[in-house]
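Novice: For reference, this is start-v6.txt, and it has compact mmCIF, C-alpha atoms.
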# COMPACT_ATOMS: atom_id res chain seq x y z
CA MET M 7 -6.76 -83.19 -7.77
CA LYS M 8 -6.83 -82.33 -11.49
CA VAL M 9 -9.78 -81.35 -13.70
CA LEU M 10 -10.05 -82.75 -17.23
CA ASN M 11 -12.66 -81.65 -19.74
CA PHE M 12 -12.80 -84.18 -22.60
CA GLY M 13 -14.92 -82.20 -25.01
CA SER M 14 -15.66 -80.62 -28.34
CA LEU M 15 -13.84 -77.81 -30.09
CA ASN M 16 -16.00 -76.14 -32.76
CA LEU M 17 -15.81 -73.21 -35.10
CA ASP M 18 -19.08 -71.32 -34.58
CA TYR M 19 -20.60 -69.48 -37.56
CA THR M 20 -23.22 -67.18 -36.05
CA TYR M 21 -25.87 -65.49 -38.20
CA GLN M 22 -28.00 -62.64 -36.84
CA VAL M 23 -31.50 -63.09 -38.26
CA PRO M 24 -34.89 -61.41 -37.67
CA HIS M 25 -36.37 -64.81 -36.80
CA ILE M 26 -35.31 -68.46 -36.90
CA VAL M 27 -35.67 -69.66 -40.48
CA ARG M 28 -38.82 -71.66 -41.17
CA GLU M 29 -39.20 -74.74 -43.34
CA GLY M 30 -38.87 -73.83 -47.02
CA GLU M 31 -38.00 -70.20 -46.19
CA THR M 32 -35.00 -68.14 -47.32
CA ILE M 33 -34.11 -65.07 -45.28
CA SER M 34 -31.26 -62.57 -45.17
CA SER M 35 -28.83 -62.37 -42.28
CA ASN M 36 -28.07 -58.97 -40.78
CA ASP M 37 -24.60 -60.06 -39.67
CA VAL M 38 -22.31 -63.09 -39.58
CA GLN M 39 -19.39 -63.80 -37.26
CA MET M 40 -17.06 -66.75 -36.73
CA HIS M 41 -15.89 -67.58 -33.22
CA LEU M 42 -14.22 -70.44 -31.40
CA GLY M 43 -16.73 -72.55 -29.49
CA GLY M 44 -18.13 -76.01 -28.90
CA LYS M 45 -19.75 -77.09 -25.64
CA GLY M 46 -16.46 -78.58 -24.49
CA PHE M 47 -14.39 -75.48 -25.22
CA ASN M 48 -17.03 -73.15 -23.76
CA GLN M 49 -17.20 -75.10 -20.51
CA SER M 50 -13.41 -75.12 -20.21
CA VAL M 51 -13.40 -71.34 -20.69
CA ALA M 52 -16.06 -71.00 -17.99
CA LEU M 53 -14.07 -73.17 -15.57
CA ALA M 54 -10.89 -71.20 -16.24
CA ARG M 55 -12.61 -67.83 -15.84
CA ALA M 56 -14.18 -69.08 -12.63
CA GLY M 57 -10.67 -69.70 -11.32
CA VAL M 58 -10.28 -73.46 -11.81
CA PRO M 59 -7.19 -74.82 -13.62
CA VAL M 60 -8.49 -77.18 -16.32
CA TYR M 61 -6.92 -79.55 -18.84
CA HIS M 62 -8.76 -79.87 -22.13
CA ALA M 63 -8.67 -83.01 -24.28
CA GLY M 64 -10.11 -83.03 -27.77
CA LEU M 65 -9.37 -83.01 -31.47
CA VAL M 66 -9.21 -80.15 -33.95
CA GLY M 67 -8.92 -80.18 -37.73
CA GLU M 68 -6.27 -78.49 -39.77
CA GLU M 69 -8.03 -75.10 -39.66
CA GLY M 70 -8.36 -75.22 -35.87
CA LEU M 71 -4.89 -74.15 -34.77
CA ASP M 72 -6.26 -70.96 -33.21
CA PHE M 73 -7.66 -73.11 -30.41
CA TYR M 74 -4.18 -73.66 -28.98
CA ASP M 75 -3.53 -69.92 -28.59
CA ALA M 76 -7.07 -69.25 -27.35
CA CYS M 77 -6.81 -71.93 -24.68
CA GLN M 78 -3.48 -70.65 -23.47
CA GLU M 79 -4.85 -67.09 -23.32
CA CYS M 80 -7.76 -68.33 -21.20
CA GLY M 81 -5.54 -70.39 -18.90
CA ILE M 82 -6.71 -73.74 -20.28
CA LYS M 83 -3.99 -76.40 -20.42
CA THR M 84 -3.55 -77.77 -23.96
CA ASP M 85 -1.37 -80.82 -23.21
CA TYR M 86 -4.03 -83.23 -24.52
CA ILE M 87 -5.43 -81.33 -27.51
CA LYS M 88 -4.45 -82.98 -30.77
CA THR M 89 -4.66 -81.96 -34.45
CA VAL M 90 -5.98 -84.49 -36.97
CA THR M 91 -6.45 -84.51 -40.73
CA GLY M 92 -9.70 -83.00 -42.00
CA ARG M 93 -12.21 -80.39 -40.88
CA CYS M 94 -12.88 -79.08 -37.39
CA GLY M 95 -16.25 -79.55 -35.87
CA HIS M 96 -18.39 -76.54 -36.63
CA THR M 97 -21.82 -75.09 -36.01
CA ILE M 98 -24.24 -72.90 -37.91
CA ILE M 99 -26.01 -70.76 -35.32
CA GLN M 100 -29.03 -68.57 -35.97
CA VAL M 101 -29.67 -65.87 -33.36
CA ASP M 102 -32.96 -64.00 -33.66
CA ASP M 103 -33.92 -60.50 -32.55
CA GLU M 104 -35.06 -61.85 -29.17
CA GLY M 105 -31.68 -63.48 -28.51
CA GLN M 106 -32.96 -67.04 -28.97
CA ASN M 107 -30.91 -69.45 -31.06
CA SER M 108 -31.12 -72.48 -33.32
CA ILE M 109 -28.00 -74.59 -33.98
CA VAL M 110 -26.87 -77.08 -36.63
CA LEU M 111 -23.82 -79.11 -35.54
CA PHE M 112 -21.23 -80.84 -37.74
CA GLY M 113 -19.04 -83.19 -35.71
CA GLY M 114 -15.87 -83.10 -37.82
CA ALA M 115 -12.71 -83.79 -35.83
CA ASN M 116 -14.75 -84.21 -32.64
CA GLN M 117 -15.96 -87.56 -34.01
CA LYS M 118 -12.46 -88.93 -34.71
CA ASN M 119 -11.50 -89.94 -31.16
CA THR M 120 -10.07 -93.44 -30.84
CA LYS M 121 -9.86 -95.73 -27.83
CA GLU M 122 -6.07 -95.45 -28.08
CA TYR M 123 -6.27 -91.66 -27.83
CA VAL M 124 -8.66 -91.88 -24.87
CA ASP M 125 -6.26 -94.24 -23.08
CA GLU M 126 -3.32 -91.95 -23.89
CA VAL M 127 -5.10 -89.02 -22.23
CA LEU M 128 -6.57 -90.81 -19.21
CA LYS M 129 -3.28 -92.45 -18.21
CA ASN M 130 -2.28 -89.02 -16.90
CA PHE M 131 -5.17 -88.87 -14.39
CA GLU M 132 -6.02 -90.83 -11.26
CA THR M 133 -8.52 -91.52 -8.50
CA GLY M 134 -10.22 -88.35 -7.26
CA ASP M 135 -9.57 -86.31 -10.39
CA ILE M 136 -12.60 -84.70 -12.06
CA LEU M 137 -13.76 -85.51 -15.59
CA LEU M 138 -16.27 -83.23 -17.31
CA LEU M 139 -18.06 -84.61 -20.37
CA GLN M 140 -20.66 -83.55 -22.94
CA ASN M 141 -22.07 -85.52 -25.89
CA GLU M 142 -20.37 -83.73 -28.78
CA VAL M 143 -17.47 -86.22 -29.03
CA ASN M 144 -17.47 -89.87 -30.01
CA GLU M 145 -16.35 -92.78 -27.76
CA LEU M 146 -18.34 -91.31 -24.87
CA PRO M 147 -19.34 -94.71 -23.40
CA TYR M 148 -15.70 -95.84 -23.47
CA ILE M 149 -14.48 -92.62 -21.89
CA ILE M 150 -16.99 -93.01 -19.04
CA ASP M 151 -16.07 -96.66 -18.46
CA GLN M 152 -12.32 -96.04 -18.43
CA ALA M 153 -12.54 -92.97 -16.21
CA PHE M 154 -14.78 -94.78 -13.73
CA ALA M 155 -12.33 -97.69 -13.61
CA LYS M 156 -9.63 -95.19 -12.61
CA GLY M 157 -11.80 -93.77 -9.82
CA MET M 158 -12.35 -90.38 -11.44
CA THR M 159 -15.40 -88.31 -10.51
CA ILE M 160 -17.54 -87.99 -13.65
CA VAL M 161 -19.66 -84.94 -14.44
CA LEU M 162 -21.96 -85.31 -17.46
CA ASN M 163 -23.84 -82.69 -19.43
CA PRO M 164 -25.78 -85.05 -21.76
CA SER M 165 -26.09 -82.58 -24.60
CA PRO M 166 -27.08 -83.13 -27.33
CA MET M 167 -29.35 -85.99 -26.28
CA ASN M 168 -29.25 -88.88 -28.76
CA GLU M 169 -28.91 -92.67 -28.87
CA ILE M 170 -25.28 -92.50 -27.68
CA ILE M 171 -26.48 -91.53 -24.20
CA ASP M 172 -28.46 -94.79 -24.10
CA GLU M 173 -25.20 -96.68 -24.66
CA CYS M 174 -23.51 -95.05 -21.65
CA ASP M 175 -23.50 -96.57 -18.16
CA LEU M 176 -25.03 -93.54 -16.49
CA GLY M 177 -24.79 -95.22 -13.11
CA LYS M 178 -21.12 -94.25 -13.19
CA VAL M 179 -21.91 -90.53 -13.33
CA SER M 180 -21.55 -88.52 -10.10
CA ILE M 181 -23.04 -85.20 -11.23
CA PHE M 182 -25.64 -84.61 -13.96
CA VAL M 183 -26.13 -81.12 -15.40
CA LEU M 184 -29.04 -81.12 -17.84
CA ASN M 185 -31.72 -78.80 -19.12
CA GLU M 186 -35.46 -79.44 -19.05
CA THR M 187 -35.61 -80.86 -22.58
CA GLU M 188 -32.74 -83.25 -21.89
CA GLY M 189 -34.38 -84.23 -18.61
CA GLN M 190 -37.61 -85.04 -20.42
CA GLN M 191 -35.78 -87.14 -23.01
CA LEU M 192 -33.76 -88.99 -20.40
CA THR M 193 -36.58 -89.77 -17.98
CA GLY M 194 -39.75 -89.63 -20.06
CA GLN M 195 -41.21 -87.16 -17.53
CA THR M 196 -42.63 -83.77 -18.47
CA THR M 197 -42.34 -81.46 -15.44
CA PRO M 198 -39.32 -80.33 -13.41
CA THR M 199 -40.65 -82.04 -10.28
CA THR M 200 -41.21 -85.40 -11.96
CA ILE M 201 -37.93 -85.19 -13.89
CA VAL M 202 -35.98 -84.68 -10.65
CA ALA M 203 -37.90 -87.49 -8.95
CA ALA M 204 -37.16 -89.86 -11.84
CA MET M 205 -33.47 -88.95 -11.78
CA GLU M 206 -33.41 -89.61 -8.02
CA ALA M 207 -35.06 -92.99 -8.54
CA SER M 208 -32.61 -94.04 -11.25
CA PHE M 209 -29.41 -92.43 -9.94
CA ALA M 210 -29.85 -92.12 -6.19
CA ASN M 211 -26.17 -91.44 -5.47
CA ALA M 212 -25.72 -88.72 -8.09
CA LYS M 213 -26.10 -84.97 -7.73
CA VAL M 214 -28.60 -83.60 -10.26
CA VAL M 215 -28.78 -80.01 -11.50
CA LEU M 216 -31.74 -79.27 -13.76
CA THR M 217 -31.61 -75.95 -15.60
CA LEU M 218 -34.89 -74.34 -16.67
CA GLY M 219 -33.77 -71.32 -18.72
CA LYS M 220 -35.68 -68.26 -17.54
CA GLY M 221 -37.32 -70.53 -14.98
CA GLY M 222 -34.09 -70.88 -12.99
CA SER M 223 -32.50 -74.13 -11.81
CA ILE M 224 -32.98 -76.97 -9.34
CA PHE M 225 -30.28 -78.86 -7.41
CA HIS M 226 -31.13 -82.25 -5.91
CA HIS M 227 -29.03 -84.71 -3.95
CA GLY M 228 -30.44 -87.08 -1.36
CA ASP M 229 -32.57 -85.09 1.06
CA GLU M 230 -31.30 -81.73 -0.18
CA GLU M 231 -33.19 -79.82 -2.86
CA LEU M 232 -32.65 -76.17 -3.73
CA TYR M 233 -34.34 -73.88 -6.24
CA GLN M 234 -32.55 -70.88 -7.74
CA ALA M 235 -34.41 -68.26 -9.75
CA ALA M 236 -32.87 -66.89 -12.93
CA PHE M 237 -31.81 -63.24 -12.98
CA ASP M 238 -33.99 -61.01 -15.15
CA VAL M 239 -31.74 -59.32 -17.72
CA ASP M 240 -32.04 -58.11 -21.30
CA THR M 241 -31.14 -61.12 -23.45
CA VAL M 242 -28.98 -60.58 -26.53
CA ASP M 243 -27.80 -64.14 -27.27
CA THR M 244 -28.40 -67.33 -25.26
CA THR M 245 -25.55 -69.23 -26.94
CA ALA M 246 -23.19 -70.69 -24.27
CA ALA M 247 -25.41 -69.60 -21.37
CA GLY M 248 -25.82 -73.23 -20.32
CA ASP M 249 -22.10 -73.89 -20.74
CA THR M 250 -21.31 -70.85 -18.61
CA PHE M 251 -23.69 -72.10 -15.90
CA THR M 252 -22.08 -75.56 -16.02
CA GLY M 253 -18.52 -74.27 -15.72
CA TYR M 254 -19.32 -71.98 -12.80
CA LEU M 255 -21.39 -74.69 -11.12
CA ILE M 256 -18.53 -77.20 -11.24
CA ALA M 257 -16.06 -74.54 -10.13
CA GLY M 258 -18.17 -73.73 -7.06
CA ILE M 259 -18.55 -77.39 -6.14
CA LEU M 260 -14.78 -77.92 -6.45
CA LYS M 261 -14.17 -74.93 -4.21
CA LYS M 262 -16.51 -76.55 -1.64
CA GLN M 263 -18.77 -73.50 -1.49
CA PRO M 264 -22.26 -73.84 0.01
CA MET M 265 -24.58 -75.14 -2.70
CA ARG M 266 -26.81 -72.08 -2.46
CA ASP M 267 -23.81 -69.84 -3.24
CA VAL M 268 -22.78 -72.15 -6.09
CA LEU M 269 -26.22 -71.84 -7.74
CA VAL M 270 -26.32 -68.08 -7.26
CA ASN M 271 -22.91 -67.56 -8.87
CA ALA M 272 -23.66 -69.94 -11.74
CA SER M 273 -26.92 -68.09 -12.38
CA LYS M 274 -25.20 -64.71 -12.25
CA ALA M 275 -22.56 -65.91 -14.71
CA ALA M 276 -25.22 -67.18 -17.13
CA ALA M 277 -27.13 -63.89 -16.83
CA LEU M 278 -23.99 -61.96 -17.75
CA ALA M 279 -23.31 -64.29 -20.70
CA VAL M 280 -26.71 -63.79 -22.34
CA GLN M 281 -26.18 -60.04 -22.43
CA LYS M 282 -23.37 -60.44 -24.97
CA GLN M 283 -23.22 -61.94 -28.45
CA GLY M 284 -21.28 -65.10 -29.21
CA ALA M 285 -20.24 -68.16 -27.27
CA ALA M 286 -16.88 -68.30 -25.47
CA GLN M 287 -16.30 -64.55 -25.72
CA SER M 288 -19.54 -63.92 -23.81
CA ILE M 289 -18.44 -65.93 -20.75
CA PRO M 290 -17.67 -63.61 -17.82
CA PHE M 291 -14.70 -63.61 -15.47
CA MET M 292 -15.19 -64.28 -11.78
CA SER M 293 -14.47 -60.61 -11.04
CA GLU M 294 -17.50 -59.65 -13.15
CA VAL M 295 -19.70 -62.23 -11.42
CA GLU M 296 -18.67 -60.89 -8.01
CA LEU M 297 -19.66 -57.36 -9.05
CA PHE M 298 -22.98 -58.44 -10.55
CA ASN M 299 -25.88 -57.10 -8.49
CA MET M 300 -29.58 -57.45 -9.24
Using the file provided, produce a representation of the structure as structure tokens.

Specialist:
Amino acid sequence: MKVLNFGSLNLDYTYQVPHIVREGETISSNDVQMHLGGKGFNQSVALARAGVPVYHAGLVGEEGLDFYDACQECGIKTDYIKTVTGRCGHTIIQVDDEGQNSIVLFGGANQKNTKEYVDEVLKNFETGDILLLQNEVNELPYIIDQAFAKGMTIVLNPSPMNEIIDECDLGKVSIFVLNETEGQQLTGQTTPTTIVAAMEASFANAKVVLTLGKGGSIFHHGDEELYQAAFDVDTVDTTAAGDTFTGYLIAGILKKQPMRDVLVNASKAAALAVQKQGAAQSIPFMSEVELFNM
């Protein structure tokens, strides 16, 4: 069984600000840093650091060559990463003094996928292989359809939520990992309980993991429902916390660990990530998660 993450590769420009800029306001940044990121890349890093070999597929622009070295350093297989003409995807991230963030995303190379490229990648995978997806790349509906036709197990983190998700056949998804806002947008419900119930009604065969930030997380599948509290830590930067949780969650499921242990480890990993600045560089290794004690 192989794991493929078909996802974004972004250059993250992170600005440390006293508060998130308001409409019409100009403020000064206390610091600025550029890091490699993107939900796709971050989740691949999390999978790799959780001990799962992962192939990454995605496009970078001409200034994105550092991704190849970074992936190899992290243990991410780069066979299906491709360089195209033009700019990389990038983000402008504001992080305030409380560690909360606000993000502007430019798709760049992430929006240049073609059906031919998707077919070229997926021909190397087969029934039973795992496909992890987010919504920061184009051709998402086609990727889902083609992977499902091959018998791959599809994991979807529908972030960011937009009209593209409505074009996807979500009945082909085996595992949903979504936060409360995405759950509200997808189901029209407003509370964790009703969101989970609506997901169960629409996608009865899928596993659903609803993350609630400081409120913890909920796992639901069939008759099984588990709640996991978040760990109370000093938050520096929440960027990539959700991606860290997702990577460790999928890793635990692949290792066939009890679901309670999977949620605990994913929550520990996210708690460690928010105590550091940045995206991918904040994601902990499994050895750190194992030593984490609250």

Novice: Name the closest residue to Gln190 (chain M) among the candidates M:Pro164, M:Pro147, M:Gly105, M:Gly228; distances are taken between atoms, counting all atoms listed in the file.

Specialist: M:Pro164

Novice: Identify which of the residues M:Arg93, M:His226, M:Arg28, M:Lys220 lies closest to Val202 (chain M), counting all atoms listed in the file when measuring atom-to-atom distances.

Specialist: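 That would be M:His226, the residue with the smallest distance to Val202 (chain M).
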
Novice: Given the choices M:Cys77, M:Val124, M:Leu137, M:Ile82, which gets closest to Val9 (chain M) if the distance is worked out from all atoms listed in the file?

Specialist: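 Among the listed residues, M:Leu137 lies closest to Val9 (chain M).
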
Novice: At what distance in Å, to one decimal, does CA of Gly194 (chain M) lie from CA of Val280 (chain M)?

Specialist: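 We find that CA of Val280 (chain M) and CA of Gly194 (chain M) lie 29.0 Å from each other.
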
Novice: Within 9 Å of (-20.3, -67.8, -37.0), all atoms listed in the file: residues as a list in words?

Specialist: Leu17, Asp18, Tyr19, Thr20, Tyr21, Val38, Gln39, Met40, His41, Leu42, His96, Thr97, Ile98, Ile99, Gln100 and Gly284 of chain M

Novice: Give me, please, the distance in Å between CA of Leu216 (chain M) and CA of Asn16 (chain M), quoted to one decimal.

Specialist: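 Between these atoms lies a distance of 24.9 Å.
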
Novice: With only C-alpha atoms as the basis for distance, which of M:Glu104, M:Glu142, M:Glu231, M:Asp267 is at the shortest distance from Ser165 (chain M)?

Specialist: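 Closest candidate: M:Glu142.
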
Novice: Name the residues, using the chain letters and numbers of the file, that sit within 8 Å of (-19.5, -68.4, -12.6) when counting all atoms listed in the file, and give them as an MDAnalysis selection string.

Specialist: chainID M and resid 52:53 55:56 250:251 253:255 257:258 271:276 290:292 295

Novice: Please list as a list in words every residue within 8 Å of Thr217 (chain M), counting all atoms listed in the file and excluding residues in the same chain fewer than 3 positions away.

Specialist: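 Surrounding residues, per the criterion: Val183, Leu184, Asn185, Glu186, Gly221, Gly222, Ser223, Ile224 and Gly248 of chain M.
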
Novice: For Met300 (chain M), which residue out of M:Ala153, M:Val179, M:Ala207, M:Val270 is the nearest one, using all atoms listed in the file?

Specialist: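 Using all atoms listed in the file, Met300 (chain M) sits closest to M:Val270.
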
Novice: Please provide the set of residues having any atom within 7 Å of Asp249 (chain M), restricted to all atoms listed in the file, with same-chain residues fewer than 4 positions apart removed, written as number ranges by chain.

Specialist: M: 45, 48-49, 253

Novice: If you count all atoms listed in the file, which residues fall within 10 Å of Tyr74 (chain M), apart from same-chain ones fewer than 4 positions away, as a ChimeraX atom specification?

Specialist: /M:66,70,78-79,82-85,87-89

Novice: Excluding Glu206 (chain M) and residues on its chain fewer than 3 positions from it, collect all residues at most 12 Å away from it, counting only C-alpha atoms, and give them as a ChimeraX atom specification.

Specialist: /M:177,181-182,189,193,199-203,209-216,225-231

Novice: Between CA of Leu176 (chain M) and CA of Asn11 (chain M), what is the distance, to one decimal in Å?

Specialist: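 Distance reported for this atom pair: 17.5 Å.
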
Novice: In terms of the shortest atom-to-atom distance over only C-alpha atoms, which of M:Ser108, M:Gln281, M:Ser208, M:Gln117 is closest to Gly67 (chain M)?

Specialist: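 Among the listed residues, M:Gln117 lies closest to Gly67 (chain M).
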
Novice: Per residue of region 102-155 of chain M within 10 Å of region 167-175 of chain M, note the shortest atom pair and the distance in Å to one decimal, counting all atoms listed in the file, and order the rows by chain and increasing residue number, as JSON lines.

Specialist:
{"residue": "M:Gln140", "atom": "CA", "partner": "M:Met167", "partner_atom": "CA", "distance": 9.6}
{"residue": "M:Asn141", "atom": "CA", "partner": "M:Met167", "partner_atom": "CA", "distance": 7.3}
{"residue": "M:Glu142", "atom": "CA", "partner": "M:Met167", "partner_atom": "CA", "distance": 9.6}
{"residue": "M:Asn144", "atom": "CA", "partner": "M:Ile170", "partner_atom": "CA", "distance": 8.6}
{"residue": "M:Glu145", "atom": "CA", "partner": "M:Ile170", "partner_atom": "CA", "distance": 8.9}
{"residue": "M:Leu146", "atom": "CA", "partner": "M:Cys174", "partner_atom": "CA", "distance": 7.1}
{"residue": "M:Pro147", "atom": "CA", "partner": "M:Cys174", "partner_atom": "CA", "distance": 4.5}
{"residue": "M:Tyr148", "atom": "CA", "partner": "M:Cys174", "partner_atom": "CA", "distance": 8.1}
{"residue": "M:Ile149", "atom": "CA", "partner": "M:Cys174", "partner_atom": "CA", "distance": 9.4}
{"residue": "M:Ile150", "atom": "CA", "partner": "M:Cys174", "partner_atom": "CA", "distance": 7.3}
{"residue": "M:Asp151", "atom": "CA", "partner": "M:Asp175", "partner_atom": "CA", "distance": 7.4}
{"residue": "M:Phe154", "atom": "CA", "partner": "M:Asp175", "partner_atom": "CA", "distance": 9.9}

Novice: Any idea what's packed within 9 Å of Ser288 (chain M), counting all atoms listed in the file, ignoring anything in its chain fewer than 6 positions away? Could you give it as an NGL selection string?

Specialist: :M and (243 or 245-247 or 250 or 278-282)
